[in-house]
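> I'd like to ask you about the structure that follows.
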Amino acid sequence: MGDPLTVVGVGADGWAGLPETHRDALRDAEVLLGGPRQLDLLPADVAGERRAWPSPLVPALPGILDSLADRRVAVLASGDPMFFGIGATLARVAGPDRLRVLTHPSSVALACARLGWGSEHVAVLSVVGRPLDALRRALAPGARLVVLSAGAGSPTEIAGLLSGAGWGGSRMTVLERLGAPDERRVSTTAAAWRGDADALNVVALECVPDAGLVPPGETPGLPDDTYDHDGQLTKREVRAVTLAHLAPRAGELLWDIGAGSGSIGIEWMRAHPRCRAIAVETRPERADRVAANAAALGVPGLRVVTGPAPDVLAGLERPDVVFVGGGLTREGVLDACLAALGPGGRLVANAVTVQTEAALAAAHAAHGGDLVRVQVARTVPVGGFHGWRPAMPVTLWSWRNVL
């Protein structure tokens, strides 16, 4: 198993900000691993061999750790090693039992302390190796966010996203080199941000929508005009009922077959930050639209696969849940989706035409489950009055693998 790996959190104030327990661990190490900036914070009398991490790091980690199994190793981390840090990666690669973690206040904790924000009411996001569009999901009136920056350019990119999305009046505070003697804070609105930032910064946001902006709601069933679409869209009321049957749970993976505009997969992922989805769409222009809608609604991690089902399903990660909104009459689609689901897996399929409804009736007869018909009507002018115009009814088949 080898000697324990000691992971030491270090702040921007470097050696001066470390307690003696942290200093002793670093002095005792035969090998010191870390980024160049962190290694440069150590004084000359810390005698261990200094090694900078390679890039890319994660593929190289097992070999590095194996080669140092019989030596005393200390790993330097920024702030709290277990908060968006190297500590969690090392626990996954080496196993948590091999780690000794000496923590330090995170940049988020320091930012909240400087601003007087209760950290339990703050959402934390990161744009380090993550799409900037993911910030859109967290934007809500009055929300307080702390964003971990990827470098000096992140504040400008964040300000540009907010301004373009109708949140330019949001209060934006850039906190640089938190904990260091030359710590600096700059506050303005997102629309007014014009400054340069130190590479070591976090961005704190107090979200304020521009006049006239109506932010999307939190629950399934977003307005239809939220989406760019060509008519292939599961309409709002039916979408809400469909998501209720799909029942998103944290960490589950959805296959959205015949994604159209992507509304089901998108609202599945908006249900919880750990929900994942793969959208399968035959037509390339619609696949592009799915990706654009996902980015605009803050879930750029939605994966889009272009091609016909069931052909493109082979090799995809096994789903927990499947939604079939298109392709029901194509041979093999429903069978492939049912076969992909393990014990406890769920499937929901929607039908509008007589032919697809017949396919669902046959599936219900063969496999059981539940059939539900949804009928929606909307008011339309009738002379000087209003009347009801019914939309086409939609049949939902829901099934659960109880094996």
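Letters for chains follow the order of the structure tokens (A, B, ...), residue numbers begin at 1 for each chain, and ligand numbers begin at 1 in the order shown.
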For the strand (DSSP E or B) assignment from backbone DSSP, which residues of stretch 161-402 of chain A qualify? Please present them as a VMD selection string.

chain A and resid 171 to 176 184 to 189 201 to 206 253 to 257 276 to 281 303 to 306 321 to 324 346 to 351 370 to 374 377 to 382 385 to 390 394 to 400

> Give me the stretch 194-289 of chain A side of the contact with stretch 301-318 of chain A, cut-off 7 Å, one line per residue showing its nearest atom pair and distance in Å at one decimal, counting only C-alpha atoms, sorted by chain and residue number, as a Markdown table.


```
| residue | atom | partner | partner_atom | distance |
| --- | --- | --- | --- | --- |
| A:Arg276 | CA | A:Leu302 | CA | 6.7 |
| A:Ala277 | CA | A:Leu302 | CA | 5.5 |
| A:Ile278 | CA | A:Arg303 | CA | 4.7 |
| A:Ala279 | CA | A:Val304 | CA | 4.8 |
| A:Val280 | CA | A:Val305 | CA | 4.9 |
| A:Glu281 | CA | A:Thr306 | CA | 5.2 |
| A:Thr282 | CA | A:Gly307 | CA | 4.2 |
| A:Arg283 | CA | A:Thr306 | CA | 6.9 |
| A:Pro284 | CA | A:Thr306 | CA | 6.2 |
| A:Ala287 | CA | A:Thr306 | CA | 6.2 |
```

> Those residues with N, CA, C and O atoms, as a tab-separated table (two decimals), in the first residue's frame please?


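selection-v9.tsv, freshly written:
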```
chain	number	residue	atom	x	y	z
A	276	ARG	N	-27.83	13.51	-15.80
A	276	ARG	CA	-27.13	13.51	-17.09
A	276	ARG	C	-28.08	13.03	-18.18
A	276	ARG	O	-29.06	12.33	-17.90
A	277	ALA	N	-27.79	13.42	-19.42
A	277	ALA	CA	-28.65	13.02	-20.53
A	277	ALA	C	-27.85	12.90	-21.81
A	277	ALA	O	-26.89	13.63	-22.04
A	278	ILE	N	-28.28	11.96	-22.63
A	278	ILE	CA	-27.78	11.81	-24.00
A	278	ILE	C	-28.98	11.98	-24.93
A	278	ILE	O	-29.96	11.25	-24.82
A	279	ALA	N	-28.92	12.97	-25.80
A	279	ALA	CA	-29.99	13.22	-26.77
A	279	ALA	C	-29.62	12.57	-28.09
A	279	ALA	O	-28.52	12.81	-28.62
A	280	VAL	N	-30.51	11.77	-28.62
A	280	VAL	CA	-30.29	11.08	-29.90
A	280	VAL	C	-31.23	11.69	-30.92
A	280	VAL	O	-32.46	11.67	-30.74
A	281	GLU	N	-30.68	12.25	-31.98
A	281	GLU	CA	-31.49	12.91	-33.00
A	281	GLU	C	-30.95	12.58	-34.39
A	281	GLU	O	-29.75	12.67	-34.64
A	282	THR	N	-31.85	12.18	-35.28
A	282	THR	CA	-31.45	11.74	-36.62
A	282	THR	C	-30.98	12.90	-37.48
A	282	THR	O	-29.97	12.78	-38.20
A	283	ARG	N	-31.66	14.03	-37.44
A	283	ARG	CA	-31.38	15.13	-38.35
A	283	ARG	C	-30.31	16.06	-37.78
A	283	ARG	O	-30.45	16.58	-36.66
A	284	PRO	N	-29.24	16.30	-38.53
A	284	PRO	CA	-28.13	17.11	-38.01
A	284	PRO	C	-28.54	18.52	-37.59
A	284	PRO	O	-28.04	19.04	-36.59
A	287	ALA	N	-30.05	18.30	-34.29
A	287	ALA	CA	-29.03	18.00	-33.29
A	287	ALA	C	-28.29	19.27	-32.89
A	287	ALA	O	-28.01	19.50	-31.70
```

> As an exercise, work out the distance from atom CA of A:Leu341 to atom CA of A:Pro319 in Å and give it to one decimal place.

6.3 Å

> Pull the closest atom pair for each residue of stretch 89-153 of chain A that gets at most 10 Å from stretch 216-227 of chain A, along with the distance in Å to one decimal, counting only C-alpha atoms, ordering rows by chain and then ascending residue number, as JSON lines.


```
{"residue": "A:Arg137", "atom": "CA", "partner": "A:Pro216", "partner_atom": "CA", "distance": 9.2}
{"residue": "A:Leu139", "atom": "CA", "partner": "A:Pro216", "partner_atom": "CA", "distance": 9.4}
{"residue": "A:Ala140", "atom": "CA", "partner": "A:Pro216", "partner_atom": "CA", "distance": 8.6}
```

> Work out how far atom CA of A:Asp210 is from atom CA of A:Ala190, in Å to one decimal.

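Result for atom CA of A:Ala190 versus atom CA of A:Asp210: 11.3 Å, one decimal.
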
> Which one is closest to A:Gly368: A:Leu42, A:Val352, A:Leu132, A:Leu347? Count only C-alpha atoms.

A:Leu347

> Which of stretch 152-276 of chain A end up as helix (DSSP H, G or I) when DSSP is run on this backbone - answer as a ChimeraX atom specification?

/A:154-164,224-226,236-246,263-270

> Compile the contact shell of A:Leu175 as JSON, numbers by chain: residues with an atom at most 8 Å away, counting only C-alpha atoms, same-chain residues fewer than 3 positions apart removed.

{"A": [111, 178, 183, 184, 185, 186, 201, 202, 203, 204]}

> Can you work out the spacing between atom CA of A:Arg23 and atom CA of A:Val8 in Å, to one decimal?

8.9 Å

> As JSON, numbers by chain, please: the residues near stretch 84-98 of chain A (cut-off 10 Å, only C-alpha atoms, same-chain neighbours under 6 positions excluded).

{"A": [1, 2, 3, 4, 5, 6, 7, 8, 9, 34, 58, 59, 61, 62, 65, 66, 75, 76, 77, 78, 106, 125, 126, 128, 148]}

> Export, as a CSV table (one decimal), in the first residue's frame, the selected residues with N, CA, C and O atoms.


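Output saved as again.csv:
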```csv
chain,number,residue,atom,x,y,z
A,1,MET,N,0.8,-1.2,0.0
A,1,MET,CA,0.0,0.0,0.0
A,1,MET,C,0.9,1.3,0.0
A,1,MET,O,0.5,2.3,-0.6
A,2,GLY,N,2.0,1.2,0.6
A,2,GLY,CA,2.9,2.4,0.7
A,2,GLY,C,2.6,3.3,1.8
A,2,GLY,O,1.7,3.2,2.5
A,3,ASP,N,3.5,4.3,2.0
A,3,ASP,CA,3.3,5.3,3.0
A,3,ASP,C,2.1,6.2,2.7
A,3,ASP,O,1.8,6.4,1.5
A,4,PRO,N,1.6,6.8,3.7
A,4,PRO,CA,0.4,7.7,3.4
A,4,PRO,C,0.9,8.9,2.6
A,4,PRO,O,2.0,9.4,2.6
A,5,LEU,N,-0.1,9.4,1.8
A,5,LEU,CA,0.2,10.6,1.0
A,5,LEU,C,-0.4,11.8,1.9
A,5,LEU,O,-1.6,11.8,2.2
A,6,THR,N,0.4,12.7,2.2
A,6,THR,CA,0.0,13.9,2.9
A,6,THR,C,-0.3,15.0,2.0
A,6,THR,O,0.5,15.4,1.2
A,7,VAL,N,-1.6,15.5,2.0
A,7,VAL,CA,-2.0,16.5,1.1
A,7,VAL,C,-2.2,17.8,1.9
A,7,VAL,O,-3.0,17.8,2.9
A,8,VAL,N,-1.5,18.8,1.6
A,8,VAL,CA,-1.4,20.0,2.4
A,8,VAL,C,-2.0,21.2,1.6
A,8,VAL,O,-1.6,21.6,0.5
A,9,GLY,N,-3.1,21.8,2.2
A,9,GLY,CA,-3.7,23.0,1.6
A,9,GLY,C,-2.8,24.2,1.9
A,9,GLY,O,-2.4,24.4,3.1
A,34,GLY,N,3.4,19.3,-6.7
A,34,GLY,CA,2.5,20.4,-6.7
A,34,GLY,C,2.7,21.2,-8.0
A,34,GLY,O,3.5,20.9,-8.8
A,58,VAL,N,-4.1,13.7,-14.7
A,58,VAL,CA,-4.9,12.5,-14.2
A,58,VAL,C,-4.4,11.2,-14.8
A,58,VAL,O,-4.1,10.2,-14.1
A,59,PRO,N,-4.1,11.2,-16.2
A,59,PRO,CA,-3.6,9.9,-16.7
A,59,PRO,C,-2.3,9.5,-16.1
A,59,PRO,O,-1.9,8.3,-16.1
A,61,LEU,N,-1.2,10.1,-13.0
A,61,LEU,CA,-1.2,10.0,-11.6
A,61,LEU,C,-0.9,8.5,-11.1
A,61,LEU,O,0.0,8.4,-10.2
A,62,PRO,N,-1.5,7.5,-11.6
A,62,PRO,CA,-1.2,6.1,-11.1
A,62,PRO,C,0.2,5.8,-11.2
A,62,PRO,O,0.8,5.2,-10.2
A,65,LEU,N,2.3,7.8,-8.5
A,65,LEU,CA,2.1,7.3,-7.1
A,65,LEU,C,2.7,6.0,-6.9
A,65,LEU,O,3.3,5.7,-5.9
A,66,ASP,N,2.7,5.1,-7.9
A,66,ASP,CA,3.3,3.8,-7.8
A,66,ASP,C,4.8,4.0,-7.7
A,66,ASP,O,5.5,3.2,-6.9
A,75,VAL,N,1.8,16.4,-1.0
A,75,VAL,CA,1.2,17.1,-2.2
A,75,VAL,C,0.7,18.4,-1.8
A,75,VAL,O,-0.1,18.6,-0.8
A,76,LEU,N,1.1,19.5,-2.5
A,76,LEU,CA,0.6,20.8,-2.2
A,76,LEU,C,-0.7,21.1,-3.0
A,76,LEU,O,-0.8,20.8,-4.2
A,77,ALA,N,-1.7,21.7,-2.4
A,77,ALA,CA,-2.9,22.0,-3.0
A,77,ALA,C,-3.3,23.4,-2.7
A,77,ALA,O,-2.9,24.0,-1.7
A,78,SER,N,-4.1,24.0,-3.5
A,78,SER,CA,-4.6,25.4,-3.3
A,78,SER,C,-5.8,25.3,-2.4
A,78,SER,O,-6.8,24.7,-2.6
A,106,SER,N,-10.8,27.5,2.1
A,106,SER,CA,-10.9,27.6,0.6
A,106,SER,C,-11.1,29.1,0.2
A,106,SER,O,-11.4,29.9,1.0
A,125,LEU,N,-19.8,27.6,-8.1
A,125,LEU,CA,-19.6,27.0,-9.4
A,125,LEU,C,-18.2,27.2,-9.8
A,125,LEU,O,-17.5,28.0,-9.2
A,126,SER,N,-17.8,26.5,-10.8
A,126,SER,CA,-16.4,26.5,-11.3
A,126,SER,C,-16.4,26.6,-12.8
A,126,SER,O,-17.2,25.9,-13.5
A,128,VAL,N,-13.4,26.2,-14.2
A,128,VAL,CA,-12.1,25.6,-14.5
A,128,VAL,C,-12.3,24.3,-15.2
A,128,VAL,O,-12.8,23.3,-14.6
A,148,LEU,N,-15.4,30.0,-9.2
A,148,LEU,CA,-14.0,29.7,-9.3
A,148,LEU,C,-13.5,30.0,-10.7
A,148,LEU,O,-13.9,29.3,-11.6
```

> Any idea what's packed within 7 Å of A:Ala391, counting only C-alpha atoms, ignoring anything in its chain fewer than 3 positions away? Could you give it as a compact mmCIF listing (two decimals) with C-alpha atoms, in the first residue's frame?


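Contents of part_38.txt, as written:
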```
# COMPACT_ATOMS: atom_id res chain seq x y z
CA GLN A 375 -55.60 16.08 -23.62
CA VAL A 376 -54.90 19.81 -23.55
CA ALA A 377 -57.13 22.60 -24.84
```

> Need the shell around A:Gly48: protein/DNA/RNA residues with any atom at most 9 Å away, counting only C-alpha atoms. Skip same-chain ones fewer than 4 positions apart. Format as a PyMOL selection string?

chain A and resi 26-32+73

> When you count only C-alpha atoms, which of these residues is closest to A:Met82: A:Ala69, A:Leu360, A:Val101, A:Ala336?

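Of A:Ala69, A:Leu360, A:Val101, A:Ala336, the one nearest A:Met82 is A:Val101, counting only C-alpha atoms.
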
> If you count only C-alpha atoms, which residues fall within 10 Å of A:Ser163, apart from same-chain ones fewer than 6 positions away, as an MDAnalysis selection string?

chainID A and resid 157 169:170 189:193 209:210

> Store the residues of this selection in a file with N, CA and C atoms, as a tab-separated table (two decimals), in the first residue's frame.


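Result file follows (result_22.tsv):
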```tsv
chain	number	residue	atom	x	y	z
A	157	GLU	N	-15.01	37.15	-19.18
A	157	GLU	CA	-15.90	36.19	-19.83
A	157	GLU	C	-17.22	36.06	-19.07
A	169	GLY	N	-27.07	43.96	-14.86
A	169	GLY	CA	-27.13	44.76	-13.64
A	169	GLY	C	-26.69	44.02	-12.40
A	170	SER	N	-26.29	42.77	-12.54
A	170	SER	CA	-25.85	41.99	-11.39
A	170	SER	C	-24.59	42.58	-10.78
A	189	THR	N	-20.83	46.43	-11.64
A	189	THR	CA	-21.86	45.58	-12.23
A	189	THR	C	-21.24	44.78	-13.37
A	190	ALA	N	-21.91	43.70	-13.75
A	190	ALA	CA	-21.39	42.89	-14.86
A	190	ALA	C	-21.28	43.72	-16.13
A	191	ALA	N	-22.28	44.57	-16.38
A	191	ALA	CA	-22.26	45.39	-17.60
A	191	ALA	C	-21.14	46.40	-17.60
A	192	ALA	N	-20.72	46.85	-16.41
A	192	ALA	CA	-19.69	47.90	-16.32
A	192	ALA	C	-18.29	47.35	-16.17
A	193	TRP	N	-18.13	46.04	-16.02
A	193	TRP	CA	-16.79	45.48	-15.80
A	193	TRP	C	-15.89	45.74	-17.00
A	209	PRO	N	-31.81	40.61	-12.50
A	209	PRO	CA	-32.23	40.56	-13.90
A	209	PRO	C	-32.48	41.95	-14.45
A	210	ASP	N	-32.21	42.12	-15.74
A	210	ASP	CA	-32.52	43.38	-16.41
A	210	ASP	C	-34.04	43.54	-16.49
```
